[in-house]
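To start, the structure under review is shown below, and the notes come after it.
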Amino acid sequence: MSAEFPSVRPRRLRTTPAMRRLVAETRLHPAELILPAFVREGITEPQPIGSMPGVVQHTRDTLRRAAVEAAEAGVGGLMLFGVPLVQDATGTAGTDPEGILQLAIRDVVSEVGDQLVVMSDLCLDEFTDHGHCGVLAADGSVDNDATLERYAEMAVVQADAGVHLVGPSGMMDGQVAAVRKALDAAGHQDTGILAYTAKYASAFFGPFREAVGSSLKGDRKTYQQDPANAREALRELAQDVAEGADLVMVKPATAYLDILRQVADASPVPVSAYQVSGEYAMVEAAAANGWVDRERMIMETLTSIRRAGAEQILTYWAVEAARMIR
């Protein structure tokens with residue numbers, strides 16, 4: 001043999017499925033997956049979301065069944081979003097104890113609350129007639145501090161309904177501190193906070209707006225992060241942790257794996273990532289056209305998010321993926 005002949009052959013560890021499985025560095029587990037679910041007030045049948053094939057706006061009854069299905073698949077949690085009949089300037093339905101989101105929380109907690117973690121989106125965009133994530137000032141801008149008061153109210157009614165984790169997602173400065181103070185004052189010291197820490201003003205959110213019936217005109221660039229910025233995410237992380245976040249999140253996931261890695265390396269608390277509606281829709285559309293292998297794409301994207309440092313992944317494929325990896 002010549003001296004140049006390779007004695008080191010990495011391909012030895014790729015020879016068979018069993019060998020590749022043995023040495024895999026990154027593994028997915030159903031308990032790491034969180035299913036986002038939408039529940040809509042005033043419907044009697046699930047309503048398909050056109051831009052998200054396979055995803056629906058649930059009735060309260062079908063949401064219960066979906067929660068049971070997720071628990072049986074071993075999924076770790078549910079993130080609930082409410083779609084009310086009536087939207088107004090301050091998102092009144094979001095703080096109504098009998099509002100659709102609070103009713104859905106009670107339904108799901110009573111159904112599967114001992115089997116998985118029930119979470120709720122804590123934001124006003126689903127409930128406002130202008131579609132922004134907060135209360136508007138006279139000049140049409142989002143009033144940060146007035147919005148914090150609304151978030152505090154929302155946190156308490158969601159906790160009263162029995163939610164395990166609230167997810168403040170509006171990217172208001174001080175939102176975690178305001179929510180933590182309100183929860184503690186109301187006797188909900190054990191209700192946790194999953195902070196949407198690095199949430200970018202992303203085009204990948206497009207289909208979600210159909211899912212929640214958003215009436216947004218314009219954009220959210222004055223409060224969600226600029227996609228050009230990375231260092232800013234670490235500043236947000238430090239602030240959220242200091243204010244009492246129990247978990248933190250990067251959103252979207254796939255286009256922000258570099259951010260996810262930086263946050264995961266720096267965070268003292270668990271790190272989640274949200275594989276958002278646009279990420280889901282692109283794969284489903286490509287698969288429907290026969291351009292990609294759908295199941296391989298699902299697993300590859302989820303594995304990449306896990307590899308980049310996410311300890312929990314919110315994904316619309318949670319139940320399907322859980323069944324594939326069990």
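Lettering and numbering for the structure tokens are positional, with chains as A, B, ... in the shown order, residues counted from 1 in each chain, and ligands counted from 1 in the shown order.
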#### Entry: Exercise: Gly167 of chain A partners within 12 Å, only C-alpha atoms, chain neighbours under 5 positions left out, as a ChimeraX atom specification
/A:36,78-81,118-124,151-152,154-155,158-159,175-176,179-180,191-197,245-249,272,274
### Message
With only C-alpha atoms as the counted atoms, please give the residues lying no more than 9 Å from Gln262 of chain A, apart from itself and same-chain residues fewer than 2 positions off, as a ChimeraX atom specification.
### Response
/A:230-231,233-234,257-260,264-267,308-309
Could you save those same residues with N, CA and C atoms as an mmCIF file, in the first residue's frame?
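The resulting selection_29.cif:
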data_model
loop_
_atom_site.group_PDB
_atom_site.id
_atom_site.type_symbol
_atom_site.label_atom_id
_atom_site.label_comp_id
_atom_site.auth_asym_id
_atom_site.auth_seq_id
_atom_site.Cartn_x
_atom_site.Cartn_y
_atom_site.Cartn_z
ATOM 1 N N ALA A 230 -28.253 39.690 14.896
ATOM 2 C CA ALA A 230 -28.019 38.505 15.721
ATOM 3 C C ALA A 230 -27.700 38.871 17.164
ATOM 4 N N ARG A 231 -26.785 39.825 17.368
ATOM 5 C CA ARG A 231 -26.361 40.195 18.717
ATOM 6 C C ARG A 231 -27.547 40.626 19.590
ATOM 7 N N ALA A 233 -30.415 39.408 19.743
ATOM 8 C CA ALA A 233 -31.108 38.269 20.338
ATOM 9 C C ALA A 233 -30.519 37.914 21.692
ATOM 10 N N LEU A 234 -29.211 38.051 21.840
ATOM 11 C CA LEU A 234 -28.582 37.740 23.118
ATOM 12 C C LEU A 234 -28.927 38.793 24.166
ATOM 13 N N LEU A 257 -31.225 29.265 12.397
ATOM 14 C CA LEU A 257 -30.483 28.254 13.149
ATOM 15 C C LEU A 257 -29.221 28.838 13.777
ATOM 16 N N ASP A 258 -28.645 29.842 13.147
ATOM 17 C CA ASP A 258 -27.465 30.479 13.739
ATOM 18 C C ASP A 258 -27.836 31.203 15.037
ATOM 19 N N ILE A 259 -28.983 31.847 15.042
ATOM 20 C CA ILE A 259 -29.461 32.523 16.256
ATOM 21 C C ILE A 259 -29.764 31.496 17.331
ATOM 22 N N LEU A 260 -30.423 30.428 16.934
ATOM 23 C CA LEU A 260 -30.762 29.363 17.872
ATOM 24 C C LEU A 260 -29.503 28.808 18.537
ATOM 25 N N ALA A 264 -28.793 29.033 22.467
ATOM 26 C CA ALA A 264 -28.616 27.780 23.209
ATOM 27 C C ALA A 264 -27.292 27.751 23.948
ATOM 28 N N ASP A 265 -26.254 28.278 23.336
ATOM 29 C CA ASP A 265 -24.938 28.290 23.980
ATOM 30 C C ASP A 265 -24.900 29.222 25.187
ATOM 31 N N ALA A 266 -25.733 30.265 25.164
ATOM 32 C CA ALA A 266 -25.672 31.278 26.225
ATOM 33 C C ALA A 266 -26.738 31.112 27.299
ATOM 34 N N SER A 267 -27.791 30.350 27.012
ATOM 35 C CA SER A 267 -28.957 30.348 27.903
ATOM 36 C C SER A 267 -28.776 29.446 29.114
ATOM 37 N N ALA A 308 -29.222 22.279 16.247
ATOM 38 C CA ALA A 308 -28.787 23.654 16.485
ATOM 39 C C ALA A 308 -28.959 24.074 17.940
ATOM 40 N N GLY A 309 -29.644 23.244 18.741
ATOM 41 C CA GLY A 309 -29.704 23.535 20.163
ATOM 42 C C GLY A 309 -31.073 23.602 20.790
#
#### Entry: Atomic distance atom CA of Val135 of chain A - atom CA of Leu101 of chain A, expressed in Å with one decimal
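Pair atom CA of Val135 of chain A / atom CA of Leu101 of chain A returns 19.0 Å.
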### Task
Figure out the distance between atom CA of Val39 of chain A and atom CA of Ile100 of chain A, please, to one decimal in Å.
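Taking atom CA of Ile100 of chain A as the start and atom CA of Val39 of chain A as the end point, the length is 7.4 Å.
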### Query
In Å, how far is it from atom CA of Gly94 of chain A to atom CA of Gln239 of chain A?
25.5 Å
### Message
as a list in words, please: the residues near Met299 of chain A (cut-off 12 Å, only C-alpha atoms, same-chain neighbours under 6 positions excluded).
### Response
Thr26, Arg27, Leu28, His29, Val283, Asp293, Ile305, Arg306, Arg307, Thr315, Trp317, Ala318, Glu320, Ala321, Ala322, Arg323, Met324 and Ile325 of chain A
### Task
Using only C-alpha atoms, determine which residues lie at most 7 Å from segment 208-211 of chain A, disregarding the query and same-chain residues fewer than 2 positions distant; provide the list as a PyMOL selection string.
chain A and resi 49+57+205-206+213-214+277
Written selection (N, CA and C atoms) as a tab-separated table (two decimals), in the first residue's frame:
chain	number	residue	atom	x	y	z
A	49	ILE	N	-57.40	25.30	7.12
A	49	ILE	CA	-56.62	26.51	6.85
A	49	ILE	C	-55.95	26.31	5.50
A	57	GLN	N	-58.68	25.05	12.10
A	57	GLN	CA	-59.20	25.75	13.27
A	57	GLN	C	-60.19	24.79	13.92
A	205	PHE	N	-44.19	34.07	8.69
A	205	PHE	CA	-45.41	34.04	9.50
A	205	PHE	C	-46.68	34.16	8.66
A	206	GLY	N	-46.56	34.34	7.35
A	206	GLY	CA	-47.72	34.63	6.52
A	206	GLY	C	-48.93	33.74	6.73
A	213	GLY	N	-57.08	34.49	11.80
A	213	GLY	CA	-58.00	35.52	11.32
A	213	GLY	C	-57.50	36.92	11.57
A	214	SER	N	-56.19	37.14	11.40
A	214	SER	CA	-55.60	38.44	11.70
A	214	SER	C	-56.05	39.49	10.69
A	277	SER	N	-45.49	28.62	10.53
A	277	SER	CA	-46.45	28.27	9.49
A	277	SER	C	-45.84	28.28	8.09
